[in-house]
file structure30.txt (compact mmCIF, C-alpha atoms)
# COMPACT_ATOMS: atom_id res chain seq x y z
CA MET A 1 54.22 -4.82 -46.16
CA GLY A 2 56.77 -3.27 -43.83
CA LEU A 3 57.24 -3.92 -40.14
CA PHE A 4 55.48 -0.71 -39.20
CA ASP A 5 52.45 -1.66 -41.31
CA SER A 6 52.24 -5.06 -39.64
CA LEU A 7 52.31 -3.47 -36.21
CA ARG A 8 49.57 -1.07 -37.18
CA GLY A 9 47.41 -4.04 -38.14
CA GLU A 10 47.47 -5.15 -34.53
CA PHE A 11 45.75 -1.96 -33.40
CA ILE A 12 41.98 -1.89 -32.98
CA ASP A 13 40.20 0.49 -35.38
CA ILE A 14 36.54 0.16 -34.30
CA VAL A 15 35.24 -0.14 -30.76
CA GLU A 16 31.56 -1.16 -30.60
CA TRP A 17 29.12 -3.63 -29.06
CA THR A 18 26.03 -5.27 -30.53
CA ASP A 19 24.12 -7.06 -27.75
CA ASP A 20 22.23 -10.22 -28.66
CA SER A 21 22.04 -11.75 -25.17
CA ARG A 22 19.12 -9.66 -23.79
CA ASP A 23 20.43 -10.14 -20.24
CA THR A 24 23.85 -8.44 -20.25
CA ILE A 25 24.07 -5.23 -18.23
CA VAL A 26 27.81 -4.48 -18.62
CA TRP A 27 30.17 -5.82 -21.32
CA ARG A 28 33.92 -5.20 -21.45
CA PHE A 29 35.39 -4.71 -24.89
CA PRO A 30 37.73 -7.67 -25.57
CA ARG A 31 40.97 -5.78 -26.13
CA HIS A 32 43.24 -8.73 -25.25
CA ASP A 33 46.81 -7.58 -25.98
CA ASN A 34 45.90 -5.32 -28.88
CA GLU A 35 45.97 -1.59 -28.45
CA ILE A 36 43.34 0.96 -29.48
CA LYS A 37 45.07 3.28 -31.86
CA MET A 38 44.63 7.01 -31.87
CA GLY A 39 41.95 7.97 -34.40
CA ALA A 40 39.93 4.76 -33.96
CA LYS A 41 36.13 4.94 -34.15
CA LEU A 42 33.98 4.48 -31.07
CA VAL A 43 30.36 3.58 -31.85
CA VAL A 44 27.90 3.91 -28.97
CA ARG A 45 24.37 2.88 -29.90
CA GLU A 46 21.10 3.95 -28.38
CA SER A 47 20.48 2.38 -24.96
CA GLN A 48 24.27 2.18 -24.44
CA VAL A 49 26.94 4.16 -22.63
CA ALA A 50 30.69 3.61 -23.08
CA VAL A 51 32.91 4.03 -20.02
CA PHE A 52 36.72 4.34 -20.38
CA ILE A 53 38.87 3.05 -17.54
CA ASN A 54 42.54 3.97 -17.54
CA GLU A 55 44.95 2.53 -14.98
CA GLY A 56 42.07 1.62 -12.71
CA ARG A 57 40.45 5.06 -12.80
CA LEU A 58 37.36 6.21 -14.68
CA ALA A 59 38.55 8.47 -17.48
CA ASP A 60 35.60 9.34 -19.74
CA VAL A 61 31.94 8.46 -20.32
CA PHE A 62 30.47 8.55 -23.85
CA THR A 63 26.74 8.74 -24.58
CA PRO A 64 25.14 7.39 -27.83
CA GLY A 65 26.93 8.56 -30.98
CA THR A 66 30.06 7.94 -33.10
CA TYR A 67 33.35 9.36 -31.86
CA THR A 68 36.91 9.59 -33.16
CA LEU A 69 39.31 8.75 -30.36
CA GLU A 70 41.68 11.70 -30.44
CA THR A 71 43.22 13.93 -27.85
CA ARG A 72 40.54 16.61 -28.12
CA ASN A 73 37.85 13.98 -27.45
CA LEU A 74 39.72 12.43 -24.53
CA PRO A 75 41.00 15.34 -22.45
CA VAL A 76 40.66 13.52 -19.16
CA LEU A 77 42.19 10.32 -20.52
CA SER A 78 45.08 12.26 -22.05
CA THR A 79 45.80 13.96 -18.75
CA LEU A 80 45.73 10.69 -16.85
CA LYS A 81 47.83 8.86 -19.39
CA GLY A 82 50.61 11.40 -19.69
CA TRP A 83 52.07 9.93 -22.88
CA LYS A 84 55.76 10.57 -23.42
CA TYR A 85 55.89 9.94 -27.13
CA GLY A 86 53.14 12.22 -28.43
CA PHE A 87 49.42 11.84 -28.77
CA ASP A 88 49.61 9.75 -31.94
CA SER A 89 50.60 6.69 -29.92
CA PRO A 90 48.08 3.94 -29.21
CA PHE A 91 46.60 3.44 -25.73
CA LYS A 92 45.36 0.46 -23.74
CA ALA A 93 42.46 1.91 -21.81
CA GLU A 94 39.68 -0.54 -20.98
CA VAL A 95 36.27 0.14 -22.50
CA TYR A 96 33.09 -0.99 -20.74
CA PHE A 97 29.75 -0.80 -22.53
CA VAL A 98 26.82 -0.30 -20.13
CA ASN A 99 23.32 -1.25 -21.27
CA THR A 100 20.86 1.47 -20.23
CA ARG A 101 17.65 -0.09 -21.54
CA GLN A 102 15.00 -1.57 -19.24
CA PHE A 103 15.47 -5.17 -18.15
CA THR A 104 11.93 -6.47 -17.73
CA ASP A 105 12.49 -10.16 -17.00
CA PHE A 106 12.63 -9.88 -13.20
CA LYS A 107 10.05 -11.81 -11.17
CA TRP A 108 9.32 -11.65 -7.46
CA GLY A 109 7.12 -13.47 -4.97
CA THR A 110 6.76 -13.94 -1.22
CA LYS A 111 8.40 -17.21 -0.13
CA ASN A 112 6.53 -17.11 3.19
CA PRO A 113 3.15 -15.49 3.93
CA VAL A 114 3.26 -11.91 5.18
CA LEU A 115 1.24 -11.23 8.34
CA VAL A 116 -0.93 -8.09 8.14
CA ARG A 117 -3.58 -6.66 10.47
CA ASP A 118 -7.00 -6.29 8.84
CA PRO A 119 -9.83 -4.27 10.47
CA GLU A 120 -12.42 -6.92 9.50
CA PHE A 121 -10.60 -10.26 9.72
CA GLY A 122 -7.92 -9.41 12.29
CA ALA A 123 -4.46 -10.89 11.70
CA VAL A 124 -4.32 -12.39 8.18
CA ARG A 125 -1.47 -13.98 6.22
CA ILE A 126 -1.23 -12.99 2.57
CA ARG A 127 0.97 -13.95 -0.38
CA ALA A 128 1.81 -11.90 -3.44
CA PHE A 129 3.81 -12.14 -6.65
CA GLY A 130 4.51 -10.03 -9.71
CA ALA A 131 7.22 -8.59 -11.95
CA TYR A 132 9.42 -5.50 -12.14
CA ALA A 133 12.04 -3.86 -14.34
CA ILE A 134 15.41 -2.25 -13.60
CA ARG A 135 17.47 0.30 -15.53
CA VAL A 136 20.97 1.75 -15.17
CA VAL A 137 20.90 5.48 -14.47
CA ASP A 138 24.47 5.99 -13.21
CA PRO A 139 26.98 3.83 -15.16
CA ALA A 140 29.96 4.99 -13.11
CA ALA A 141 28.26 4.03 -9.81
CA LEU A 142 27.26 0.66 -11.25
CA LEU A 143 30.87 -0.14 -12.20
CA ARG A 144 32.19 0.97 -8.83
CA GLU A 145 29.58 -0.74 -6.64
CA SER A 146 28.33 -3.79 -8.57
CA ALA A 147 29.97 -4.81 -11.84
CA GLY A 148 33.60 -4.08 -10.93
CA THR A 149 35.98 -5.68 -13.42
CA ASP A 150 33.52 -8.38 -14.53
CA ALA A 151 33.93 -8.90 -18.28
CA GLN A 152 30.20 -9.65 -18.68
CA PHE A 153 27.91 -8.53 -15.87
CA ARG A 154 24.53 -10.25 -16.35
CA THR A 155 21.13 -9.91 -14.73
CA GLU A 156 21.34 -13.36 -13.12
CA GLU A 157 24.19 -12.12 -10.93
CA ILE A 158 21.94 -9.66 -9.07
CA GLU A 159 18.51 -11.25 -9.58
CA THR A 160 18.43 -13.08 -6.23
CA TRP A 161 19.68 -10.02 -4.35
CA LEU A 162 17.11 -7.78 -6.01
CA ARG A 163 14.32 -10.23 -5.20
CA GLU A 164 15.22 -10.12 -1.52
CA LYS A 165 15.14 -6.33 -1.65
CA VAL A 166 11.63 -6.41 -3.14
CA ILE A 167 10.30 -8.92 -0.62
CA GLY A 168 11.84 -6.96 2.24
CA ALA A 169 10.06 -3.79 1.09
CA PHE A 170 6.70 -5.50 0.48
CA ALA A 171 5.62 -5.91 4.13
CA PRO A 172 6.30 -2.25 5.14
CA ALA A 173 4.49 -1.03 2.02
CA ILE A 174 1.42 -3.15 2.82
CA ALA A 175 1.41 -1.98 6.44
CA SER A 176 1.78 1.71 5.58
CA ALA A 177 -0.95 1.54 2.92
CA ARG A 178 -3.59 0.59 5.55
CA ILE A 179 -5.83 -1.00 2.91
CA PRO A 180 -8.34 -3.72 3.95
CA VAL A 181 -7.53 -7.17 2.61
CA LEU A 182 -10.69 -7.34 0.49
CA ASP A 183 -9.80 -4.00 -1.17
CA MET A 184 -6.15 -4.79 -1.99
CA ALA A 185 -7.03 -6.10 -5.44
CA ILE A 186 -8.35 -2.72 -6.60
CA HIS A 187 -5.41 -0.88 -4.99
CA GLN A 188 -2.62 -3.00 -6.45
CA ASP A 189 -1.40 -0.06 -8.55
CA GLN A 190 -1.13 2.16 -5.47
CA ILE A 191 0.84 -0.48 -3.56
CA GLY A 192 3.04 -1.05 -6.63
CA ARG A 193 3.90 2.66 -6.82
CA GLN A 194 4.90 2.68 -3.15
CA LEU A 195 7.12 -0.37 -3.66
CA LYS A 196 8.69 1.10 -6.80
CA SER A 197 9.61 4.29 -4.95
CA ALA A 198 10.99 2.43 -1.92
CA ILE A 199 13.10 0.00 -3.96
CA SER A 200 14.44 2.73 -6.30
CA GLU A 201 15.62 4.65 -3.25
CA GLN A 202 17.53 1.57 -2.03
CA LEU A 203 19.11 0.93 -5.44
CA ALA A 204 20.15 4.53 -6.13
CA PRO A 205 23.66 4.12 -4.59
CA LEU A 206 24.24 1.24 -7.05
CA GLY A 207 23.32 3.35 -10.08
CA LEU A 208 20.01 1.50 -10.65
CA GLU A 209 16.34 2.41 -10.56
CA VAL A 210 13.01 0.56 -10.85
CA PRO A 211 11.01 2.20 -13.70
CA SER A 212 8.04 -0.15 -13.35
CA PHE A 213 6.69 -2.48 -10.68
CA THR A 214 3.69 -4.78 -11.04
CA ILE A 215 1.71 -6.79 -8.49
CA SER A 216 0.06 -9.63 -10.39
CA ASN A 217 -1.89 -11.14 -7.51
CA ILE A 218 -2.45 -10.89 -3.76
CA SER A 219 -3.93 -14.08 -2.29
CA LEU A 220 -5.28 -15.17 1.09
CA PRO A 221 -4.89 -18.57 2.78
CA LYS A 222 -7.23 -21.28 1.48
CA GLU A 223 -9.29 -21.48 4.68
CA VAL A 224 -9.86 -17.71 4.71
CA GLU A 225 -10.98 -17.76 1.07
CA GLU A 226 -13.42 -20.61 1.85
CA ALA A 227 -14.88 -18.65 4.78
CA ILE A 228 -15.36 -15.60 2.53
CA ASP A 229 -17.06 -17.77 -0.11
CA LYS A 230 -19.45 -19.21 2.49
CA ARG A 231 -20.39 -15.78 3.76
CA ALA A 232 -20.97 -14.58 0.21
CA SER A 233 -23.14 -17.63 -0.48
CA MET A 234 -25.29 -16.95 2.58
CA GLY A 235 -25.73 -13.37 1.45
CA MET A 236 -26.91 -14.52 -1.98
CA ILE A 237 -29.36 -17.05 -0.50
CA GLY A 238 -31.14 -14.38 1.52
CA ASP A 239 -34.44 -15.82 2.97
CA LEU A 240 -33.70 -19.40 4.02
CA GLY A 241 -37.39 -20.38 3.93
CA SER A 242 -37.83 -19.23 0.34
CA TYR A 243 -34.63 -21.02 -0.61
CA THR A 244 -35.95 -24.27 0.93
CA GLN A 245 -39.21 -23.98 -1.01
CA TYR A 246 -37.27 -23.36 -4.21
CA GLN A 247 -35.15 -26.47 -3.64
CA ALA A 248 -38.27 -28.56 -2.92
CA ALA A 249 -39.96 -27.33 -6.10
CA ASN A 250 -36.90 -28.32 -8.13
CA ALA A 251 -36.94 -31.76 -6.54
CA LEU A 252 -40.61 -32.23 -7.48
CA GLU A 253 -39.92 -31.23 -11.08
CA ASP A 254 -36.98 -33.66 -11.39
CA ALA A 255 -39.01 -36.49 -9.88
CA ALA A 256 -41.91 -35.90 -12.28
CA GLN A 257 -39.55 -36.05 -15.26
CA HIS A 258 -37.88 -39.32 -14.22
CA GLY A 259 -40.92 -41.20 -12.84
CA GLY A 260 -40.80 -44.66 -11.18
CA GLY A 261 -41.34 -45.87 -7.62
CA ALA A 262 -38.28 -44.17 -6.30
CA ALA A 263 -39.38 -40.99 -7.99
CA ASP A 264 -42.82 -41.26 -6.41
CA ALA A 265 -41.27 -41.64 -2.97
CA MET A 266 -39.03 -38.66 -3.63
CA THR A 267 -42.01 -36.66 -4.83
CA LEU A 268 -43.99 -37.58 -1.73
CA GLY A 269 -41.14 -36.66 0.61
CA ALA A 270 -40.50 -33.36 -1.12
CA GLY A 271 -44.20 -32.55 -1.21
CA MET A 272 -44.55 -33.27 2.49
CA ALA A 273 -41.50 -31.13 3.28
CA MET A 274 -42.83 -28.23 1.23
CA GLY A 275 -46.31 -28.62 2.76
CA ASN A 276 -44.90 -28.62 6.27
CA GLN A 277 -42.88 -25.53 5.46
CA MET A 278 -45.91 -23.72 4.05
CA ALA A 279 -48.05 -24.75 7.04
CA ALA A 280 -45.40 -23.47 9.43
CA ASN A 281 -45.23 -20.18 7.57
CA MET A 282 -49.03 -19.76 7.65
CA ALA A 283 -49.20 -20.59 11.37
CA ALA A 284 -46.48 -18.03 12.09
CA GLN A 285 -48.38 -15.37 10.15
CA GLN A 286 -51.65 -16.15 12.01
CA GLN A 287 -49.87 -15.99 15.35
CA VAL A 288 -48.50 -12.59 14.48
CA GLN A 289 -51.96 -11.37 13.43
CA GLN A 290 -53.67 -12.70 16.61
CA GLN A 291 -51.26 -11.08 19.03
CA PRO A 292 -52.96 -8.11 20.76
CA PRO A 293 -51.34 -4.79 20.19
CA GLN A 294 -49.08 -3.73 22.99
CA ALA A 295 -50.24 -0.79 25.07
CA ALA A 296 -48.30 2.38 24.56
CA ALA A 297 -45.90 3.19 27.38
CA PRO A 298 -46.80 6.30 29.44
CA PRO A 299 -44.61 9.36 29.08
CA PRO A 300 -42.02 10.04 31.79
CA LEU A 301 -43.14 11.89 34.91
CA PRO A 302 -42.43 15.62 34.94
CA THR A 303 -39.44 16.70 36.94
CA ALA A 304 -40.24 18.96 39.91
CA PRO A 305 -38.24 22.21 39.98
CA ALA A 306 -35.41 22.36 42.51
CA TRP A 307 -35.31 25.53 44.68
CA TYR A 308 -32.39 27.00 46.59
CA LEU A 309 -32.85 29.30 49.61
CA GLY A 310 -30.65 31.83 51.33
CA ILE A 311 -31.07 31.01 55.06
CA GLY A 312 -28.83 32.66 57.63
CA GLY A 313 -26.51 34.00 54.94
CA GLN A 314 -25.87 30.47 53.61
CA GLN A 315 -27.14 28.69 50.48
CA ALA A 316 -29.41 25.74 51.25
CA GLY A 317 -31.10 23.26 48.97
CA PRO A 318 -32.20 22.07 46.61
CA PHE A 319 -35.79 21.72 47.91
CA ASP A 320 -38.99 20.61 46.25
CA VAL A 321 -42.33 22.38 46.77
CA PRO A 322 -43.61 20.09 49.61
CA THR A 323 -40.37 20.74 51.52
CA LEU A 324 -40.80 24.48 51.00
CA GLN A 325 -44.34 24.25 52.46
CA GLN A 326 -42.91 22.64 55.58
CA LYS A 327 -40.32 25.40 55.91
CA VAL A 328 -43.03 28.05 55.55
CA ALA A 329 -44.98 26.38 58.36
CA GLY A 330 -41.84 26.25 60.52
CA GLY A 331 -41.00 29.89 59.90
CA GLU A 332 -37.71 29.18 58.09
CA LEU A 333 -39.09 30.43 54.75
CA THR A 334 -40.68 33.88 54.73
CA ARG A 335 -41.66 36.35 52.03
CA GLU A 336 -38.31 38.12 52.44
CA THR A 337 -36.22 34.93 52.14
CA LEU A 338 -34.15 34.95 48.97
CA ALA A 339 -34.92 32.05 46.56
CA TRP A 340 -33.49 30.87 43.23
CA LYS A 341 -33.96 28.04 40.67
CA GLN A 342 -32.37 27.20 37.33
CA GLY A 343 -33.33 29.69 34.61
CA GLN A 344 -33.84 32.54 37.08
CA ALA A 345 -31.69 35.64 36.52
CA ALA A 346 -30.91 36.47 40.16
CA TRP A 347 -31.85 35.73 43.75
CA THR A 348 -35.32 37.14 44.49
CA PRO A 349 -37.44 37.39 47.67
CA ALA A 350 -39.81 34.43 47.79
CA GLY A 351 -42.85 36.66 48.18
CA GLN A 352 -42.11 38.25 44.78
CA ILE A 353 -41.90 34.94 42.92
CA PRO A 354 -45.32 33.93 41.55
CA GLU A 355 -44.58 30.22 41.93
CA LEU A 356 -43.79 30.64 45.64
CA SER A 357 -46.06 33.49 46.67
CA GLY A 358 -48.99 31.09 46.95
CA LEU A 359 -47.22 29.29 49.81
CA PHE A 360 -47.76 32.33 52.06
CA GLY A 361 -51.50 32.73 51.37
CA MET A 362 -52.66 31.06 54.61
CA ILE A 363 -50.19 32.93 56.84
CA PRO A 364 -51.05 36.52 57.91
CA PRO A 365 -48.37 39.16 57.57
CA PRO A 366 -46.61 40.42 60.74
CA LEU A 367 -48.40 42.99 62.89
CA PRO A 368 -47.35 46.60 62.33
CA SER A 369 -45.13 48.04 65.04
call {"tool": "encode", "arguments": {"input": "structure30.txt", "output": "structure tokens"}}
result
Amino acid sequence: MGLFDSLRGEFIDIVEWTDDSRDTIVWRFPRHDNEIKMGAKLVVRESQVAVFINEGRLADVFTPGTYTLETRNLPVLSTLKGWKYGFDSPFKAEVYFVNTRQFTDFKWGTKNPVLVRDPEFGAVRIRAFGAYAIRVVDPAALLRESAGTDAQFRTEEIETWLREKVIGAFAPAIASARIPVLDMAIHQDQIGRQLKSAISEQLAPLGLEVPSFTISNISLPKEVEEAIDKRASMGMIGDLGSYTQYQAANALEDAAQHGGGAADAMTLGAGMAMGNQMAANMAAQQQVQQQPPQAAAPPPLPTAPAWYLGIGGQQAGPFDVPTLQQKVAGGELTRETLAWKQGQAAWTPAGQIPELSGLFGMIPPPLPS
């Protein structure tokens, strides 16, 4: 083997990555001091993207497939490199493989309770936990903003930061949803969609997105849950008197099965309690039956019509009928005096209004001139 053949053996012929870690997002091809020769094979598998970095600058991005590294396949890299000795020379560009599959092993949970305002319970503290997934959608942005020159960028490096992002977005999502606490369980999907959208928007500059977000549980403080259970129990009991009789009947049955002096005493006490309860119920029913029926209330008194008069060119009133009789006797109200009440189309002389014409029956008309 000649010297040239030995040097060619130092060149890398195949550039590929088979991931068996399940948590690696970015992996740098271990070139060491070897060079990638022109004509080498680049194998990019499904759920992968290969990014070439030359002299610190992004040169090319390769999607899934098999490529032969030649000048026609690397136009940008060739321009950046500016080789002096022809395009058959090897090159030392760095190759980063970016995993574009979903990483589904992310968990989240509220470290401290989140205070929300509920229309029924007022201010309530709630806790929640669940899981979510992330995926790389912009490999170039991920390398620039997150991975950098890390030879193996893993999920554990951003897990804590992502969790804080999720928890920070949880409280605004709950507040904007305006869902009562008791209904949050059936609206977990709706809240999850809001959180997924909000977090994806925050991660977009890093080249990441959240394809799925799950809320596993939303829980209330222990004392609030106990209060809800008590209220539900009271609703199931319903009539307290019937419930007491049912309990007494069960006590009698248990005592009859066990027997003995203690059982007899228990039977006697339960029987007396049930008898007292039944007697009280019967007395209450008799009292209700013996109560005389209440007299019906009279209807409201009719409202007297209010009359307005035109006296001396000015509106006066309102007046009731007895007041109008006094004015007729005093000469203030005559047949020619204009009068009006609600519902009347226009002012009309009092003598032409049937309701008022009777007021002038006892007064003779003026003597003719």
call {"tool": "atom_distance", "arguments": {"input": "structure30.txt", "atom1": "atom CA of A:Thr100", "atom2": "atom CA of A:Glu55"}}
result
24.7 Å
call {"tool": "residues_near_point", "arguments": {"input": "structure30.txt", "point": "(-41.8, 33.2, 57.0)", "cutoff": "12 Å", "atoms": "only C-alpha atoms", "output": "list in words"}}
result
Ile311, Leu324, Gln325, Gln326, Lys327, Val328, Ala329, Gly330, Gly331, Glu332, Leu333, Thr334, Arg335, Glu336, Thr337, Leu338, Pro349, Ala350, Gly351, Leu356, Ser357, Leu359, Phe360, Gly361, Met362, Ile363, Pro364, Pro365 and Pro366 of chain A
call {"tool": "atom_distance", "arguments": {"input": "structure30.txt", "atom1": "atom CA of A:Thr160", "atom2": "atom CA of A:Trp108"}}
result
9.3 Å
call {"tool": "residues_near_point", "arguments": {"input": "structure30.txt", "point": "(14.9, 1.2, -23.4)", "cutoff": "6 Å", "atoms": "only C-alpha atoms", "output": "PyMOL selection string"}}
result
chain A and resi 47+101-102
call {"tool": "residues_around", "arguments": {"input": "structure30.txt", "residues": "A:Trp17", "least_positions_apart": "4", "cutoff": "9 Å", "atoms": "all atoms listed in the file", "output": "VMD selection string"}}
result
chain A and resid 27 29 43 to 45 48 97
call {"tool": "residues_around", "arguments": {"input": "structure30.txt", "residues": "A:Ile134", "least_positions_apart": "2", "cutoff": "12 Å", "atoms": "all atoms listed in the file", "output": "PyMOL selection string"}}
result
chain A and resi 23+25+99-107+131-132+136-137+155+158-159+162-163+166+196+199-200+203-204+206-213
call {"tool": "closest_residue", "arguments": {"input": "structure30.txt", "among": "A:Gly109, A:Gly148, A:Pro30, A:Pro119", "to": "A:Gly56", "atoms": "all atoms listed in the file"}}
result
A:Gly148
call {"tool": "atom_distance", "arguments": {"input": "structure30.txt", "atom1": "atom CA of A:Thr18", "atom2": "atom CA of A:Gly39"}}
result
21.1 Å
call {"tool": "build_atoms", "arguments": {"input": "structure30.txt", "residues": "stretch 322-336 of chain A", "atoms": "N, CA and C atoms", "output": "PDB file, in the frame of the given file"}}
result
ATOM      1  N   PRO A 322     -43.121  20.550  48.301  1.00  0.00           N
ATOM      2  CA  PRO A 322     -43.610  20.090  49.610  1.00  0.00           C
ATOM      3  C   PRO A 322     -42.656  20.451  50.742  1.00  0.00           C
ATOM      4  N   THR A 323     -41.346  20.379  50.481  1.00  0.00           N
ATOM      5  CA  THR A 323     -40.370  20.740  51.520  1.00  0.00           C
ATOM      6  C   THR A 323     -40.453  22.229  51.826  1.00  0.00           C
ATOM      7  N   LEU A 324     -40.672  23.035  50.769  1.00  0.00           N
ATOM      8  CA  LEU A 324     -40.800  24.480  51.000  1.00  0.00           C
ATOM      9  C   LEU A 324     -42.031  24.788  51.840  1.00  0.00           C
ATOM     10  N   GLN A 325     -43.141  24.036  51.642  1.00  0.00           N
ATOM     11  CA  GLN A 325     -44.340  24.250  52.460  1.00  0.00           C
ATOM     12  C   GLN A 325     -44.064  23.978  53.938  1.00  0.00           C
ATOM     13  N   GLN A 326     -43.253  22.936  54.193  1.00  0.00           N
ATOM     14  CA  GLN A 326     -42.910  22.640  55.580  1.00  0.00           C
ATOM     15  C   GLN A 326     -42.065  23.760  56.179  1.00  0.00           C
ATOM     16  N   LYS A 327     -41.168  24.333  55.389  1.00  0.00           N
ATOM     17  CA  LYS A 327     -40.320  25.400  55.910  1.00  0.00           C
ATOM     18  C   LYS A 327     -41.136  26.671  56.159  1.00  0.00           C
ATOM     19  N   VAL A 328     -42.156  26.891  55.298  1.00  0.00           N
ATOM     20  CA  VAL A 328     -43.030  28.050  55.550  1.00  0.00           C
ATOM     21  C   VAL A 328     -43.763  27.868  56.869  1.00  0.00           C
ATOM     22  N   ALA A 329     -44.266  26.643  57.119  1.00  0.00           N
ATOM     23  CA  ALA A 329     -44.980  26.380  58.360  1.00  0.00           C
ATOM     24  C   ALA A 329     -44.070  26.507  59.561  1.00  0.00           C
ATOM     25  N   GLY A 330     -42.776  26.160  59.415  1.00  0.00           N
ATOM     26  CA  GLY A 330     -41.840  26.250  60.520  1.00  0.00           C
ATOM     27  C   GLY A 330     -41.229  27.615  60.672  1.00  0.00           C
ATOM     28  N   GLY A 331     -41.526  28.544  59.783  1.00  0.00           N
ATOM     29  CA  GLY A 331     -41.000  29.890  59.900  1.00  0.00           C
ATOM     30  C   GLY A 331     -39.629  30.078  59.294  1.00  0.00           C
ATOM     31  N   GLU A 332     -39.036  29.029  58.714  1.00  0.00           N
ATOM     32  CA  GLU A 332     -37.710  29.180  58.090  1.00  0.00           C
ATOM     33  C   GLU A 332     -37.792  29.943  56.780  1.00  0.00           C
ATOM     34  N   LEU A 333     -38.914  29.778  56.049  1.00  0.00           N
ATOM     35  CA  LEU A 333     -39.090  30.430  54.750  1.00  0.00           C
ATOM     36  C   LEU A 333     -40.154  31.498  54.890  1.00  0.00           C
ATOM     37  N   THR A 334     -39.769  32.745  54.664  1.00  0.00           N
ATOM     38  CA  THR A 334     -40.680  33.880  54.730  1.00  0.00           C
ATOM     39  C   THR A 334     -40.721  34.553  53.378  1.00  0.00           C
ATOM     40  N   ARG A 335     -41.558  35.620  53.286  1.00  0.00           N
ATOM     41  CA  ARG A 335     -41.660  36.350  52.030  1.00  0.00           C
ATOM     42  C   ARG A 335     -40.352  37.048  51.677  1.00  0.00           C
ATOM     43  N   GLU A 336     -39.560  37.409  52.695  1.00  0.00           N
ATOM     44  CA  GLU A 336     -38.310  38.120  52.440  1.00  0.00           C
ATOM     45  C   GLU A 336     -37.134  37.178  52.186  1.00  0.00           C
TER      46      GLU A 336
END
